[in-house]
file coords03.cif (mmCIF, C-alpha atoms, pLDDT in the B column; chains and numbers go by the auth columns)
data_coords
loop_
_atom_site.group_PDB
_atom_site.id
_atom_site.type_symbol
_atom_site.label_atom_id
_atom_site.label_comp_id
_atom_site.label_asym_id
_atom_site.label_seq_id
_atom_site.Cartn_x
_atom_site.Cartn_y
_atom_site.Cartn_z
_atom_site.B_iso_or_equiv
_atom_site.auth_seq_id
_atom_site.auth_asym_id
ATOM 1 C CA MET A 1 11.633 19.760 -106.680 40.00 119 A
ATOM 2 C CA ASP A 2 15.093 18.196 -106.663 45.00 120 A
ATOM 3 C CA ALA A 3 15.129 14.405 -106.546 42.00 121 A
ATOM 4 C CA PRO A 4 17.010 14.276 -103.200 44.00 122 A
ATOM 5 C CA MET A 5 14.255 16.373 -101.611 49.00 123 A
ATOM 6 C CA ARG A 6 11.450 13.909 -102.417 54.00 124 A
ATOM 7 C CA ARG A 7 10.399 11.474 -99.701 50.00 125 A
ATOM 8 C CA ARG A 8 8.763 8.225 -100.669 62.00 126 A
ATOM 9 C CA THR A 9 8.857 6.552 -97.253 76.00 127 A
ATOM 10 C CA PRO A 10 8.136 8.248 -93.955 86.00 128 A
ATOM 11 C CA LEU A 11 11.064 9.254 -91.814 97.00 129 A
ATOM 12 C CA PRO A 12 11.252 7.961 -88.233 98.00 130 A
ATOM 13 C CA TYR A 13 8.869 9.665 -85.808 98.00 131 A
ATOM 14 C CA VAL A 14 10.469 12.224 -83.442 98.00 132 A
ATOM 15 C CA ASP A 15 7.634 14.004 -81.651 98.00 133 A
ATOM 16 C CA GLU A 16 4.301 15.783 -81.859 98.00 134 A
ATOM 17 C CA HIS A 17 2.945 18.927 -80.208 98.00 135 A
ATOM 18 C CA THR A 18 -0.618 20.262 -80.233 98.00 136 A
ATOM 19 C CA ILE A 19 -2.307 23.530 -79.352 98.00 137 A
ATOM 20 C CA LEU A 20 -5.968 24.569 -79.435 98.00 138 A
ATOM 21 C CA VAL A 21 -6.632 27.805 -81.318 98.00 139 A
ATOM 22 C CA GLU A 22 -9.793 29.872 -80.966 97.00 140 A
ATOM 23 C CA ALA A 23 -10.151 30.848 -84.632 96.00 141 A
ATOM 24 C CA ASP A 24 -11.316 29.342 -87.885 95.00 142 A
ATOM 25 C CA ALA A 25 -9.027 27.225 -90.050 97.00 143 A
ATOM 26 C CA ASP A 26 -8.369 29.981 -92.615 95.00 144 A
ATOM 27 C CA GLU A 27 -7.209 32.361 -89.879 95.00 145 A
ATOM 28 C CA VAL A 28 -4.994 29.658 -88.377 97.00 146 A
ATOM 29 C CA TRP A 29 -3.525 28.854 -91.816 96.00 147 A
ATOM 30 C CA TRP A 30 -2.455 32.463 -92.372 94.00 148 A
ATOM 31 C CA ALA A 31 -1.231 32.837 -88.804 96.00 149 A
ATOM 32 C CA LEU A 32 0.849 29.669 -89.153 96.00 150 A
ATOM 33 C CA ALA A 33 2.459 31.044 -92.319 93.00 151 A
ATOM 34 C CA GLU A 34 3.278 34.292 -90.477 93.00 152 A
ATOM 35 C CA ALA A 35 4.709 32.430 -87.487 95.00 153 A
ATOM 36 C CA LEU A 36 6.868 30.227 -89.711 93.00 154 A
ATOM 37 C CA ASP A 37 8.086 33.241 -91.655 90.00 155 A
ATOM 38 C CA TRP A 38 8.993 35.005 -88.406 90.00 156 A
ATOM 39 C CA ALA A 39 10.739 31.941 -86.950 91.00 157 A
ATOM 40 C CA PHE A 40 12.775 30.831 -89.951 88.00 158 A
ATOM 41 C CA SER A 41 13.508 34.014 -91.889 84.00 159 A
ATOM 42 C CA ARG A 42 15.270 35.922 -89.117 87.00 160 A
ATOM 43 C CA PRO A 43 19.013 36.494 -89.648 90.00 161 A
ATOM 44 C CA ALA A 44 19.983 34.022 -86.905 90.00 162 A
ATOM 45 C CA ALA A 45 17.865 31.280 -88.493 89.00 163 A
ATOM 46 C CA VAL A 46 19.395 31.949 -91.923 88.00 164 A
ATOM 47 C CA ARG A 47 22.919 31.785 -90.448 91.00 165 A
ATOM 48 C CA TYR A 48 22.061 28.516 -88.699 92.00 166 A
ATOM 49 C CA ALA A 49 20.691 27.016 -91.936 92.00 167 A
ATOM 50 C CA LYS A 50 23.955 27.885 -93.677 92.00 168 A
ATOM 51 C CA LEU A 51 26.092 26.640 -90.768 94.00 169 A
ATOM 52 C CA VAL A 52 24.567 23.143 -90.740 95.00 170 A
ATOM 53 C CA GLY A 53 24.584 22.996 -94.540 94.00 171 A
ATOM 54 C CA CYS A 54 20.874 23.098 -95.302 92.00 172 A
ATOM 55 C CA ALA A 55 20.096 22.300 -98.900 79.00 173 A
ATOM 56 C CA ASP A 56 17.847 25.358 -99.006 78.00 174 A
ATOM 57 C CA HIS A 57 19.032 28.385 -97.063 75.00 175 A
ATOM 58 C CA THR A 58 17.197 31.247 -98.714 76.00 176 A
ATOM 59 C CA ALA A 59 13.470 31.864 -98.699 74.00 177 A
ATOM 60 C CA SER A 60 11.657 32.137 -101.990 73.00 178 A
ATOM 61 C CA GLY A 61 8.119 31.593 -102.969 71.00 179 A
ATOM 62 C CA PRO A 62 4.758 32.989 -102.037 75.00 180 A
ATOM 63 C CA ARG A 63 3.061 33.313 -98.693 76.00 181 A
ATOM 64 C CA PRO A 64 1.257 31.271 -97.593 79.00 182 A
ATOM 65 C CA PRO A 65 3.497 28.424 -98.778 83.00 183 A
ATOM 66 C CA VAL A 66 2.838 26.493 -101.970 84.00 184 A
ATOM 67 C CA GLU A 67 4.113 23.056 -102.916 88.00 185 A
ATOM 68 C CA GLY A 68 7.655 22.937 -104.269 81.00 186 A
ATOM 69 C CA ALA A 69 8.761 26.368 -103.054 81.00 187 A
ATOM 70 C CA THR A 70 11.839 26.862 -100.895 76.00 188 A
ATOM 71 C CA THR A 71 9.566 28.436 -98.402 77.00 189 A
ATOM 72 C CA PHE A 72 11.875 29.108 -95.473 85.00 190 A
ATOM 73 C CA PRO A 73 15.598 28.636 -94.895 86.00 191 A
ATOM 74 C CA GLY A 74 16.089 24.933 -94.246 88.00 192 A
ATOM 75 C CA PHE A 75 12.678 23.945 -95.614 90.00 193 A
ATOM 76 C CA ARG A 76 10.926 23.275 -98.876 90.00 194 A
ATOM 77 C CA THR A 77 7.160 22.854 -99.029 92.00 195 A
ATOM 78 C CA LEU A 78 6.235 19.266 -99.793 94.00 196 A
ATOM 79 C CA THR A 79 2.467 19.537 -99.188 95.00 197 A
ATOM 80 C CA ALA A 80 0.268 22.621 -98.892 95.00 198 A
ATOM 81 C CA ILE A 81 -3.444 22.027 -98.485 96.00 199 A
ATOM 82 C CA PRO A 82 -4.804 25.413 -97.341 95.00 200 A
ATOM 83 C CA ALA A 83 -6.461 25.361 -93.924 96.00 201 A
ATOM 84 C CA ARG A 84 -5.727 21.617 -93.560 97.00 202 A
ATOM 85 C CA GLN A 85 -2.086 20.525 -93.843 98.00 203 A
ATOM 86 C CA LEU A 86 1.380 21.906 -94.450 97.00 204 A
ATOM 87 C CA THR A 87 4.396 19.614 -94.740 96.00 205 A
ATOM 88 C CA LEU A 88 7.864 21.104 -94.841 95.00 206 A
ATOM 89 C CA LEU A 89 10.825 18.989 -95.906 94.00 207 A
ATOM 90 C CA GLY A 90 14.508 19.654 -95.378 94.00 208 A
ATOM 91 C CA ARG A 91 17.956 18.191 -95.054 94.00 209 A
ATOM 92 C CA HIS A 92 21.427 19.166 -93.982 95.00 210 A
ATOM 93 C CA ARG A 93 24.702 17.488 -93.027 95.00 211 A
ATOM 94 C CA PHE A 94 23.279 15.892 -89.890 97.00 212 A
ATOM 95 C CA SER A 95 19.630 15.173 -90.645 97.00 213 A
ATOM 96 C CA SER A 96 16.802 14.746 -93.118 97.00 214 A
ATOM 97 C CA TYR A 97 13.472 15.872 -91.688 97.00 215 A
ATOM 98 C CA THR A 98 9.835 16.760 -92.174 97.00 216 A
ATOM 99 C CA LEU A 99 7.683 19.081 -90.116 97.00 217 A
ATOM 100 C CA THR A 100 3.975 18.564 -90.765 98.00 218 A
ATOM 101 C CA PHE A 101 1.278 20.861 -89.461 98.00 219 A
ATOM 102 C CA HIS A 102 -2.255 19.491 -89.282 98.00 220 A
ATOM 103 C CA LEU A 103 -5.232 21.807 -88.802 98.00 221 A
ATOM 104 C CA GLU A 104 -8.192 19.880 -87.437 98.00 222 A
ATOM 105 C CA ALA A 105 -11.657 21.183 -86.529 96.00 223 A
ATOM 106 C CA ALA A 106 -12.243 21.141 -82.776 96.00 224 A
ATOM 107 C CA GLY A 107 -15.664 22.752 -82.547 91.00 225 A
ATOM 108 C CA PRO A 108 -17.103 26.024 -83.842 91.00 226 A
ATOM 109 C CA ASP A 109 -14.263 28.477 -84.525 92.00 227 A
ATOM 110 C CA HIS A 110 -11.730 26.223 -82.817 97.00 228 A
ATOM 111 C CA VAL A 111 -8.857 24.453 -84.533 98.00 229 A
ATOM 112 C CA ARG A 112 -6.449 21.905 -83.154 98.00 230 A
ATOM 113 C CA LEU A 113 -3.041 22.804 -84.615 98.00 231 A
ATOM 114 C CA ARG A 114 -0.687 19.842 -84.481 98.00 232 A
ATOM 115 C CA ALA A 115 3.009 19.784 -85.407 98.00 233 A
ATOM 116 C CA GLU A 116 4.565 16.397 -86.149 98.00 234 A
ATOM 117 C CA THR A 117 8.311 16.024 -86.629 98.00 235 A
ATOM 118 C CA ARG A 118 9.974 13.103 -88.363 98.00 236 A
ATOM 119 C CA ALA A 119 13.704 12.875 -88.941 98.00 237 A
ATOM 120 C CA ALA A 120 16.654 10.634 -89.623 98.00 238 A
ATOM 121 C CA PHE A 121 20.026 11.392 -88.058 98.00 239 A
ATOM 122 C CA PRO A 122 22.588 9.267 -89.912 97.00 240 A
ATOM 123 C CA GLY A 123 26.007 8.393 -88.553 97.00 241 A
ATOM 124 C CA PRO A 124 27.792 9.470 -85.389 97.00 242 A
ATOM 125 C CA ALA A 125 27.524 13.173 -86.261 97.00 243 A
ATOM 126 C CA GLY A 126 23.772 12.767 -86.798 97.00 244 A
ATOM 127 C CA GLY A 127 23.453 10.994 -83.456 97.00 245 A
ATOM 128 C CA LEU A 128 25.272 13.820 -81.707 97.00 246 A
ATOM 129 C CA TYR A 129 23.098 16.388 -83.488 97.00 247 A
ATOM 130 C CA ARG A 130 19.958 14.507 -82.356 98.00 248 A
ATOM 131 C CA LEU A 131 21.249 14.525 -78.786 97.00 249 A
ATOM 132 C CA LEU A 132 21.927 18.275 -78.937 97.00 250 A
ATOM 133 C CA THR A 133 18.580 19.210 -80.495 96.00 251 A
ATOM 134 C CA VAL A 134 16.014 16.603 -79.493 97.00 252 A
ATOM 135 C CA GLY A 135 17.709 15.138 -76.416 97.00 253 A
ATOM 136 C CA THR A 136 18.116 18.512 -74.698 98.00 254 A
ATOM 137 C CA GLY A 137 14.485 19.493 -75.315 97.00 255 A
ATOM 138 C CA THR A 138 15.470 22.411 -77.566 96.00 256 A
ATOM 139 C CA HIS A 139 13.468 21.129 -80.522 97.00 257 A
ATOM 140 C CA ALA A 140 10.334 20.634 -78.384 98.00 258 A
ATOM 141 C CA LYS A 141 10.661 24.097 -76.833 98.00 259 A
ATOM 142 C CA LEU A 142 11.049 25.788 -80.221 96.00 260 A
ATOM 143 C CA THR A 143 8.154 23.835 -81.733 98.00 261 A
ATOM 144 C CA ARG A 144 5.850 24.757 -78.840 98.00 262 A
ATOM 145 C CA ARG A 145 6.921 28.408 -79.182 97.00 263 A
ATOM 146 C CA LEU A 146 6.090 28.296 -82.892 97.00 264 A
ATOM 147 C CA LEU A 147 2.619 26.883 -82.190 98.00 265 A
ATOM 148 C CA THR A 148 1.995 29.483 -79.496 98.00 266 A
ATOM 149 C CA THR A 149 3.035 32.276 -81.851 97.00 267 A
ATOM 150 C CA ALA A 150 0.608 30.974 -84.487 97.00 268 A
ATOM 151 C CA ARG A 151 -2.178 30.774 -81.883 98.00 269 A
ATOM 152 C CA LEU A 152 -1.565 34.327 -80.680 97.00 270 A
ATOM 153 C CA GLN A 153 -1.526 35.622 -84.265 95.00 271 A
ATOM 154 C CA ALA A 154 -4.765 33.802 -85.158 97.00 272 A
ATOM 155 C CA GLU A 155 -6.563 34.958 -82.010 95.00 273 A
ATOM 156 C CA ARG A 156 -5.697 38.657 -82.379 89.00 274 A
ATOM 157 C CA PRO A 157 -8.855 40.786 -82.115 74.00 275 A
ATOM 158 C CA TRP A 158 -8.125 42.717 -85.327 64.00 276 A
ATOM 159 C CA ARG A 159 -7.850 39.450 -87.252 53.00 277 A
ATOM 160 C CA ARG A 160 -11.166 38.184 -85.915 52.00 278 A
ATOM 161 C CA ALA A 161 -12.975 41.494 -86.541 51.00 279 A
ATOM 162 C CA GLY A 162 -12.036 41.433 -90.255 51.00 280 A
#
call {"tool": "encode", "arguments": {"input": "coords03.cif", "output": "structure tokens"}}
result
Amino acid sequence: MDAPMRRRTPLPYVDEHTILVEADADEVWWALAEALDWAFSRPAAVRYAKLVGCADHTASGPRPPVEGATTFPGFRTLTAIPARQLTLLGRHRFSSYTLTFHLEAAGPDHVRLRAETRAAFPGPAGGLYRLLTVGTGTHAKLTRRLLTTARLQAERPWRRAG
């Protein structure tokens, strides 16, 4: 991993969103990878990553994500502990950020899937970017949609029958 992509100290906390999934942790892990792939590998997401100057704007690496891979446009995998935790790290002109997904047992065949965002928005341009993404609620809406997509994927009957 490139030196600028490593994080030694935590970035400032932005927000956290949680959803309860009726599936086991392995199913949720795979469903999360599918949801992330769907969300960040679409043409519009790739164009956006290029527009804001993401350090990584092409996907490479295996699915589910492994540490060090440029997993999705705008993100590199910092931590990948299957069925437990996935931390994605990224940066662009206006922000440096992490998105960490925690999978926590919440009873038999139930997992609490939690997404925690941390980010720094340096300078006036970063402040404006924060206002446009976090301040308008866009980031929260997209994060909740991502969690819901993962839940729906994990709870599909064909997945549970296998």
call {"tool": "axis_aligned_box", "arguments": {"input": "coords03.cif", "around": "region 249-264 of chain A", "padding_each_side": "4 Å", "output": "AutoDock Vina command-line options"}}
result
--center_x 13.9 --center_y 21.5 --center_z -78.8 --size_x 24.1 --size_y 21.9 --size_z 16.2
call {"tool": "closest_residue", "arguments": {"input": "coords03.cif", "among": "A:Thr254, A:Leu264, A:Ser178, A:Arg209", "to": "Ala233 (chain A)", "atoms": "all atoms listed in the file"}}
result
A:Leu264
call {"tool": "atom_distance", "arguments": {"input": "coords03.cif", "atom1": "CA of Thr266 (chain A)", "atom2": "CA of Leu196 (chain A)"}}
result
23.1 Å
call {"tool": "closest_atom_pairs", "arguments": {"input": "coords03.cif", "of": "region 125-174 of chain A", "to": "region 218-226 of chain A", "cutoff": "12 Å", "atoms": "only C-alpha atoms", "output": "tab-separated table"}}
result
residue	atom	partner	partner_atom	distance
A:Pro128	CA	A:Thr218	CA	11.6
A:Leu129	CA	A:Thr218	CA	11.7
A:Tyr131	CA	A:Thr218	CA	11.3
A:Val132	CA	A:Thr218	CA	11.7
A:Asp133	CA	A:Thr218	CA	10.8
A:Glu134	CA	A:Thr218	CA	9.3
A:His135	CA	A:Phe219	CA	9.6
A:Thr136	CA	A:His220	CA	9.2
A:Ile137	CA	A:Leu221	CA	10.0
A:Leu138	CA	A:Ala224	CA	7.9
A:Val139	CA	A:Ala224	CA	8.8
A:Glu140	CA	A:Pro226	CA	8.7
A:Ala141	CA	A:Pro226	CA	8.5
A:Asp142	CA	A:Pro226	CA	7.8
A:Ala143	CA	A:Leu221	CA	6.7
A:Asp144	CA	A:Leu221	CA	9.5
A:Glu145	CA	A:Leu221	CA	10.8
A:Val146	CA	A:Leu221	CA	7.9
A:Trp147	CA	A:Leu221	CA	7.9
A:Trp148	CA	A:Leu221	CA	11.6
A:Ala149	CA	A:Leu221	CA	11.7
A:Leu150	CA	A:Phe219	CA	8.8
A:Ala151	CA	A:Phe219	CA	10.6
A:Leu154	CA	A:Phe219	CA	10.9
call {"tool": "closest_residue", "arguments": {"input": "coords03.cif", "among": "A:Gly171, A:Pro275, A:Pro200, A:Gly192", "to": "Tyr215 (chain A)", "atoms": "all atoms listed in the file"}}
result
A:Gly192
call {"tool": "closest_residue", "arguments": {"input": "coords03.cif", "among": "A:His257, A:Ala153, A:Ala272, A:Leu249", "to": "Arg236 (chain A)", "atoms": "only C-alpha atoms"}}
result
A:His257
call {"tool": "atom_distance", "arguments": {"input": "coords03.cif", "atom1": "CA of Thr216 (chain A)", "atom2": "CA of Phe239 (chain A)"}}
result
12.2 Å
call {"tool": "atom_distance", "arguments": {"input": "coords03.cif", "atom1": "CA of Arg248 (chain A)", "atom2": "CA of Phe190 (chain A)"}}
result
21.2 Å
call {"tool": "residues_around", "arguments": {"input": "coords03.cif", "residues": "Phe193 (chain A)", "least_positions_apart": "3", "cutoff": "7 Å", "atoms": "only C-alpha atoms", "output": "ChimeraX atom specification"}}
result
/A:174,188-190,206-208
call {"tool": "write_last_selection", "arguments": {"input": "coords03.cif", "atoms": "C-alpha atoms", "output": "CSV table (one decimal), in the frame of the given file"}}
result
chain,number,residue,atom,x,y,z
A,174,ASP,CA,17.8,25.4,-99.0
A,188,THR,CA,11.8,26.9,-100.9
A,189,THR,CA,9.6,28.4,-98.4
A,190,PHE,CA,11.9,29.1,-95.5
A,206,LEU,CA,7.9,21.1,-94.8
A,207,LEU,CA,10.8,19.0,-95.9
A,208,GLY,CA,14.5,19.7,-95.4
